[in-house]
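Asks: File model.tsv follows (TSV, C-alpha atoms and all ligand atoms):
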chain	number	residue	atom	x	y	z
P	1	MET	CA	-38.96	74.19	-1.51
P	2	HIS	CA	-40.76	73.62	-4.77
P	3	PHE	CA	-40.06	76.00	-7.64
P	4	THR	CA	-42.36	76.35	-10.63
P	5	SER	CA	-41.34	77.90	-13.93
P	6	GLY	CA	-43.27	81.02	-12.85
P	7	ASP	CA	-41.37	81.18	-9.53
P	8	ILE	CA	-38.07	81.00	-11.41
P	9	GLN	CA	-39.07	83.66	-13.92
P	10	SER	CA	-40.20	86.08	-11.23
P	11	MET	CA	-36.95	85.78	-9.21
P	12	ASP	CA	-34.73	88.83	-9.00
P	13	THR	CA	-32.03	88.54	-11.72
P	14	ARG	CA	-29.07	87.96	-9.40
P	15	ARG	CA	-30.94	85.47	-7.26
P	16	ARG	CA	-32.07	83.52	-10.32
P	17	ALA	CA	-28.53	83.49	-11.72
P	18	ALA	CA	-27.14	82.17	-8.42
P	19	PHE	CA	-29.90	79.56	-8.15
P	20	ILE	CA	-29.83	78.27	-11.72
P	21	ASN	CA	-26.04	78.41	-11.93
P	22	SER	CA	-25.70	75.89	-9.14
P	23	LEU	CA	-28.31	73.41	-10.40
P	24	SER	CA	-26.15	71.60	-12.94
P	25	GLY	CA	-23.94	70.27	-10.13
P	26	PHE	CA	-20.20	70.61	-9.69
P	27	LYS	CA	-18.41	72.13	-12.65
P	28	PRO	CA	-14.78	72.26	-13.74
P	29	ALA	CA	-12.68	75.35	-13.08
P	30	ASN	CA	-10.48	76.27	-16.03
P	31	LEU	CA	-8.46	79.30	-16.98
P	32	VAL	CA	-8.90	79.92	-20.68
P	33	GLY	CA	-5.79	81.50	-22.21
P	34	THR	CA	-5.88	83.33	-25.53
P	35	ALA	CA	-4.05	86.02	-27.49
P	36	ASP	CA	-5.19	88.43	-30.18
P	37	ALA	CA	-3.56	88.68	-33.61
P	38	ASN	CA	-0.89	91.01	-32.15
P	39	GLY	CA	0.01	88.65	-29.31
P	40	GLN	CA	-1.82	90.60	-26.59
P	41	THR	CA	-2.68	87.94	-24.00
P	42	ASN	CA	-5.99	87.36	-22.25
P	43	LEU	CA	-7.03	85.00	-19.47
P	44	ALA	CA	-10.52	84.25	-18.13
P	45	ILE	CA	-11.92	81.73	-15.69
P	46	MET	CA	-14.63	79.58	-17.23
P	47	SER	CA	-16.66	76.76	-15.73
P	48	SER	CA	-18.56	75.59	-18.79
P	49	ALA	CA	-16.04	73.18	-20.33
P	50	VAL	CA	-17.75	69.92	-21.25
P	51	HIS	CA	-16.32	66.66	-22.56
P	52	LEU	CA	-17.79	66.07	-26.02
P	53	GLY	CA	-15.96	62.94	-27.13
P	54	SER	CA	-12.55	61.31	-26.99
P	55	ASP	CA	-12.04	60.31	-30.64
P	56	PRO	CA	-11.37	62.94	-31.81
P	57	PRO	CA	-10.64	64.46	-28.37
P	58	LEU	CA	-13.16	67.31	-28.15
P	59	LEU	CA	-14.17	69.76	-25.44
P	60	ALA	CA	-17.02	72.25	-25.72
P	61	LEU	CA	-17.17	75.64	-24.03
P	62	ILE	CA	-20.07	78.04	-23.60
P	63	VAL	CA	-19.20	81.73	-23.86
P	64	ARG	CA	-21.63	84.36	-22.59
P	65	PRO	CA	-23.35	86.78	-24.99
P	66	GLY	CA	-21.50	90.00	-25.74
P	67	GLY	CA	-19.78	89.98	-29.13
P	68	GLU	CA	-16.52	91.94	-29.44
P	69	GLU	CA	-16.40	92.74	-25.72
P	70	ARG	CA	-15.92	89.04	-25.10
P	71	HIS	CA	-12.15	89.06	-25.51
P	72	THR	CA	-11.75	85.30	-25.13
P	73	LEU	CA	-14.19	84.56	-27.95
P	74	ALA	CA	-12.80	87.26	-30.25
P	75	ASN	CA	-9.26	85.89	-29.73
P	76	ILE	CA	-10.28	82.27	-30.31
P	77	LEU	CA	-11.96	83.25	-33.57
P	78	ALA	CA	-8.91	85.35	-34.59
P	79	THR	CA	-6.19	82.74	-33.95
P	80	GLY	CA	-8.03	79.41	-33.82
P	81	HIS	CA	-6.10	78.47	-30.66
P	82	TYR	CA	-6.85	78.63	-26.93
P	83	SER	CA	-5.70	76.87	-23.79
P	84	PHE	CA	-7.48	75.24	-20.85
P	85	ASN	CA	-5.53	75.32	-17.59
P	86	HIS	CA	-6.89	73.50	-14.55
P	87	VAL	CA	-7.34	75.74	-11.51
P	88	THR	CA	-5.60	74.17	-8.51
P	89	ALA	CA	-6.27	75.10	-4.87
P	90	PRO	CA	-3.32	77.54	-4.58
P	91	LEU	CA	-4.45	79.32	-7.77
P	92	VAL	CA	-8.09	79.98	-6.80
P	93	GLU	CA	-7.73	83.64	-5.80
P	94	ALA	CA	-5.70	84.65	-8.85
P	95	ALA	CA	-7.95	82.61	-11.12
P	96	HIS	CA	-11.11	84.20	-9.74
P	97	GLN	CA	-9.70	87.68	-10.31
P	98	THR	CA	-9.52	87.03	-14.07
P	99	ALA	CA	-13.34	87.26	-14.17
P	100	ALA	CA	-13.09	91.03	-13.60
P	101	ARG	CA	-13.83	93.14	-16.68
P	102	TYR	CA	-10.42	94.47	-17.58
P	103	HIS	CA	-9.88	96.70	-20.59
P	104	ARG	CA	-8.82	94.88	-23.76
P	105	ASN	CA	-5.28	96.33	-23.40
P	106	VAL	CA	-4.83	94.86	-19.92
P	107	SER	CA	-3.68	91.25	-19.73
P	108	GLU	CA	-5.34	89.29	-16.93
P	109	PHE	CA	-2.04	87.38	-16.67
P	110	ASP	CA	-0.45	90.59	-15.33
P	111	ALA	CA	-3.51	91.65	-13.35
P	112	ALA	CA	-3.71	88.29	-11.57
P	113	GLY	CA	0.06	87.76	-11.23
P	114	LEU	CA	0.20	84.70	-13.48
P	115	THR	CA	2.77	83.80	-16.13
P	116	ALA	CA	2.13	83.14	-19.81
P	117	ALA	CA	3.96	80.11	-21.20
P	118	TRP	CA	4.27	79.66	-24.97
P	119	ARG	CA	4.72	76.51	-27.03
P	120	GLN	CA	6.11	76.41	-30.56
P	121	GLY	CA	3.42	76.49	-33.25
P	122	PHE	CA	0.67	77.25	-30.76
P	123	ASP	CA	-0.81	80.75	-30.80
P	124	ALA	CA	-2.33	80.89	-27.31
P	125	PRO	CA	-0.58	81.20	-23.95
P	126	LEU	CA	-0.68	78.44	-21.35
P	127	VAL	CA	-0.59	79.25	-17.62
P	128	ALA	CA	2.87	78.40	-16.29
P	129	GLU	CA	1.58	78.04	-12.69
P	130	ALA	CA	-1.08	75.47	-13.67
P	131	ASP	CA	-0.13	71.79	-13.45
P	132	ILE	CA	-2.55	70.51	-16.10
P	133	ARG	CA	-2.52	72.48	-19.37
P	134	LEU	CA	-4.35	71.75	-22.61
P	135	GLY	CA	-3.80	73.30	-26.02
P	136	MET	CA	-7.01	73.56	-28.03
P	137	ALA	CA	-7.63	74.07	-31.77
P	138	LEU	CA	-11.00	75.56	-32.73
P	139	ARG	CA	-13.09	73.07	-34.74
P	140	GLU	CA	-16.59	74.55	-34.64
P	141	HIS	CA	-18.28	77.73	-33.46
P	142	GLN	CA	-22.03	78.22	-33.20
P	143	HIS	CA	-24.03	81.19	-32.07
P	144	LEU	CA	-26.94	79.73	-30.08
P	145	ARG	CA	-30.13	81.59	-30.93
P	146	ILE	CA	-31.95	80.40	-27.82
P	147	ASN	CA	-30.01	82.73	-25.48
P	148	ASP	CA	-27.34	84.46	-27.59
P	149	THR	CA	-24.49	82.42	-26.09
P	150	HIS	CA	-21.70	80.87	-28.15
P	151	LEU	CA	-20.80	77.20	-28.37
P	152	VAL	CA	-17.09	76.77	-29.01
P	153	ILE	CA	-15.88	73.28	-29.84
P	154	GLY	CA	-12.18	72.55	-29.86
P	155	GLU	CA	-9.86	69.60	-30.29
P	156	ILE	CA	-7.18	68.88	-27.70
P	157	ILE	CA	-3.93	69.07	-29.69
P	158	LEU	CA	-1.59	69.35	-26.69
P	159	ALA	CA	-1.86	68.01	-23.12
P	160	GLU	CA	0.64	68.58	-20.31
P	161	VAL	CA	0.06	66.47	-17.19
P	162	PRO	CA	2.53	65.82	-14.34
P	163	ASP	CA	3.71	62.17	-14.28
P	164	HIS	CA	2.53	61.63	-10.69
P	165	CYS	CA	-1.08	62.51	-11.70
P	166	LEU	CA	-1.34	59.79	-14.36
P	167	ARG	CA	-3.10	56.61	-13.28
P	168	ALA	CA	-2.09	53.21	-14.66
P	169	ASP	CA	-5.36	53.00	-16.64
P	170	GLY	CA	-4.58	56.29	-18.40
P	171	ALA	CA	-6.98	58.50	-16.40
P	172	VAL	CA	-5.74	61.65	-14.73
P	173	ASP	CA	-6.04	61.64	-10.94
P	174	LEU	CA	-7.62	65.04	-10.34
P	175	GLU	CA	-7.34	64.78	-6.56
P	176	GLU	CA	-3.60	64.18	-6.87
P	177	ALA	CA	-3.46	67.17	-9.23
P	178	ASP	CA	-5.30	69.32	-6.63
P	179	THR	CA	-7.73	70.45	-9.38
P	180	VAL	CA	-10.66	72.28	-7.80
P	181	ALA	CA	-14.39	72.15	-8.68
P	182	LEU	CA	-16.91	74.98	-8.84
P	183	SER	CA	-20.51	75.63	-7.96
P	184	GLY	CA	-22.20	78.72	-9.36
P	185	LEU	CA	-19.86	81.64	-9.87
P	186	ASP	CA	-18.28	81.89	-6.44
P	187	THR	CA	-17.90	78.60	-4.56
P	188	TYR	CA	-14.76	76.52	-4.96
P	189	TYR	CA	-14.45	72.95	-3.72
P	190	ARG	CA	-11.50	70.67	-3.15
P	191	PRO	CA	-12.97	67.27	-4.14
P	192	SER	CA	-11.68	63.99	-2.79
P	193	THR	CA	-12.07	60.51	-4.19
P	194	PHE	CA	-15.13	58.70	-2.85
P	195	LYS	CA	-15.34	55.42	-4.80
P	196	ARG	CA	-14.09	53.83	-7.96
P	197	MET	CA	-16.53	51.60	-9.80
P	198	ALA	CA	-15.83	48.86	-12.35
P	199	TYR	CA	-17.36	49.12	-15.85
P	200	ALA	CA	-21.12	48.53	-15.51
P	201	LYS	CA	-22.59	45.47	-17.25
P	202	PRO	CA	-26.28	44.44	-17.45
P	203	ASP	CA	-25.64	40.94	-16.02
P	204	LEU	CA	-23.40	42.01	-13.12
P	205	GLN	CA	-24.12	43.85	-9.88
P	206	PRO	CA	-22.31	47.17	-9.33
P	207	ARG	CA	-18.71	46.36	-8.37
P	208	VAL	CA	-16.65	48.72	-6.25
P	209	ILE	CA	-12.93	48.64	-7.04
P	210	PRO	CA	-11.33	48.05	-3.60
P	211	ALA	CA	-9.22	51.01	-2.45
P	212	PRO	CA	-5.97	49.03	-1.88
P	213	LEU	CA	-6.31	47.62	-5.39
P	214	ALA	CA	-6.94	51.10	-6.73
P	215	ALA	CA	-3.82	52.31	-4.90
P	216	ALA	CA	-1.74	49.38	-6.17
P	217	ASP	CA	-3.11	50.04	-9.64
P	218	ALA	CA	-1.98	53.64	-9.34
P	219	ALA	CA	1.50	52.61	-8.18
P	220	ARG	CA	2.04	50.31	-11.18
L	301	LIG	C1	-16.49	80.97	-11.46
L	301	LIG	C2	-16.72	81.64	-12.78
L	301	LIG	C3	-17.04	80.89	-13.91
L	301	LIG	C4	-17.25	81.50	-15.16
L	301	LIG	N1	-17.56	80.73	-16.25
L	301	LIG	C5	-17.78	81.33	-17.46
L	301	LIG	C6	-18.09	80.56	-18.61
L	301	LIG	O1	-18.17	79.34	-18.57
L	301	LIG	N2	-18.30	81.22	-19.79
L	301	LIG	C7	-18.21	82.59	-19.87
L	301	LIG	O2	-18.40	83.14	-20.97
L	301	LIG	N3	-17.89	83.33	-18.80
L	301	LIG	C8	-17.68	82.75	-17.61
L	301	LIG	N4	-17.37	83.50	-16.51
L	301	LIG	C9	-17.21	84.96	-16.67
L	301	LIG	C10	-15.88	85.33	-17.28
L	301	LIG	O3	-14.80	84.88	-16.49
L	301	LIG	C11	-15.83	86.87	-17.39
L	301	LIG	O4	-16.92	87.33	-18.17
L	301	LIG	C12	-14.54	87.37	-17.99
L	301	LIG	O5	-14.47	88.76	-17.80
L	301	LIG	C13	-14.46	87.09	-19.48
L	301	LIG	O6	-13.25	87.64	-19.93
L	301	LIG	P1	-13.01	88.09	-21.43
L	301	LIG	O7	-13.96	89.21	-21.75
L	301	LIG	O8	-11.60	88.53	-21.39
L	301	LIG	O9	-13.25	86.91	-22.29
L	301	LIG	C14	-17.16	82.91	-15.26
L	301	LIG	C15	-16.85	83.67	-14.12
L	301	LIG	C16	-16.64	83.05	-12.90
L	301	LIG	C17	-16.30	83.88	-11.70
Output the file's structure in the form of structure tokens.
Ligand SMILES: Cc1cc2nc3c(=O)[nH]c(=O)nc-3n(C[C@H](O)[C@H](O)[C@H](O)COP(=O)(O)O)c2cc1C
Replies:
Amino acid sequence: MHFTSGDIQSMDTRRRAAFINSLSGFKPANLVGTADANGQTNLAIMSSAVHLGSDPPLLALIVRPGGEERHTLANILATGHYSFNHVTAPLVEAAHQTAARYHRNVSEFDAAGLTAAWRQGFDAPLVAEADIRLGMALREHQHLRINDTHLVIGEIILAEVPDHCLRADGAVDLEEADTVALSGLDTYYRPSTFKRMAYAKPDLQPRVIPAPLAAADAAR
């Protein structure tokens, strides 16, 4: 199929959302934990986390339009803190349920049967059931005029990763962590490692890191 800009514009709204939402490729699945100024907790699944840079360690997040009725955004702006919690395979159903529009007074932690975990000096809840948990401090917020969405940029000020998921080179092994990936708003994948490649250089051919070496590397 070939789609022109006109074809895309004339699609029915839901069909266009499903189509366009899957075109950026696999996306991360994170539960974003927040609390309001009174400590009322909130949890929402979000797939728009993007790595922005590692020094300082920054992640960006896109929040849909909607002002005050966007509880996650309102809480982030109120406290300056929020958490990212990787969705693992056993958590998919509970995580997906947090997308439902609950009233502000209802915590999605309770609605989805998940547990809020608190850390000293950090004003947002982490998800106790998640294996990889990040504490974020708000660094920049921009309302994007092009489509009324919000760009939220935060610095990772806390990272909790199980020892067995840390590779010798410092990377986190997301397959070992059972972190899932997302397409669109409804399809969850359990990715598996395909290849590891050495750092690309102009004067060298692409070099695959042999699997046994990768395994030995991981064991070190
Ligand atoms: C798979 C999936 C991914 C989502 N990703 C985002 C996202 O990146 N940004 C966003 O604003 N909403 C996203 N949503 C929608 C929110 O989860 C939903 O609007 C939720 O009710 C927001 O909760 P809140 O009002 O408590 O912040 C996603 C929903 C699903 C099912």
Asks: Collect all residues with atoms no farther than 10 Å from ligand LIG 301 (chain L), counting all atoms listed in the file, and output them as a ChimeraX atom specification.
Replies: /P:21,27-34,41-50,61-76,92,95-104,106-108,149-151,181-188
Asks: With only C-alpha atoms as the counted atoms, please give the residues lying no more than 8 Å from Leu59 (chain P), apart from itself and same-chain residues fewer than 3 positions off, as a list in words.
Replies: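 Near neighbours after the sequence-gap exclusion: Ala49, Val50, His51, Leu52, Gly53, Ile153, Gly154, Glu155 and Ile156 of chain P.
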Asks: If you measure from CA of Pro125 (chain P) to CA of Ser83 (chain P), what distance in Å do you get, rounded to one decimal?
Replies: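 The value is 6.7 Å.
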Asks: To one decimal in Å, tell me the separation between CA of Ala112 (chain P) and CA of Ile20 (chain P).
Replies: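 Calculated distance between CA of Ala112 (chain P) and CA of Ile20 (chain P) is 28.0 Å.
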Asks: May I ask which of the residues P:Phe3, P:Thr179, P:Ala124, P:Pro162 is the closest one to Arg16 (chain P), counting all atoms listed in the file?
Replies: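 The shortest atom-to-atom distance to Arg16 (chain P) comes from P:Phe3.
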Asks: To one decimal place, how far is CA of Gly121 (chain P) from CA of Val172 (chain P) in Å?
Replies: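 Going from CA of Gly121 (chain P) over to CA of Val172 (chain P) covers 25.4 Å.
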Asks: Provide an axis-aligned box for all listed atoms of region 158-163 of chain P, padding each side by 4 Å; report its centre and its edge lengths in Å to one decimal, as lines of an AutoDock Vina configuration file.
Replies:
center_x = 0.9
center_y = 65.8
center_z = -20.5
size_x = 13.6
size_y = 15.2
size_z = 20.4
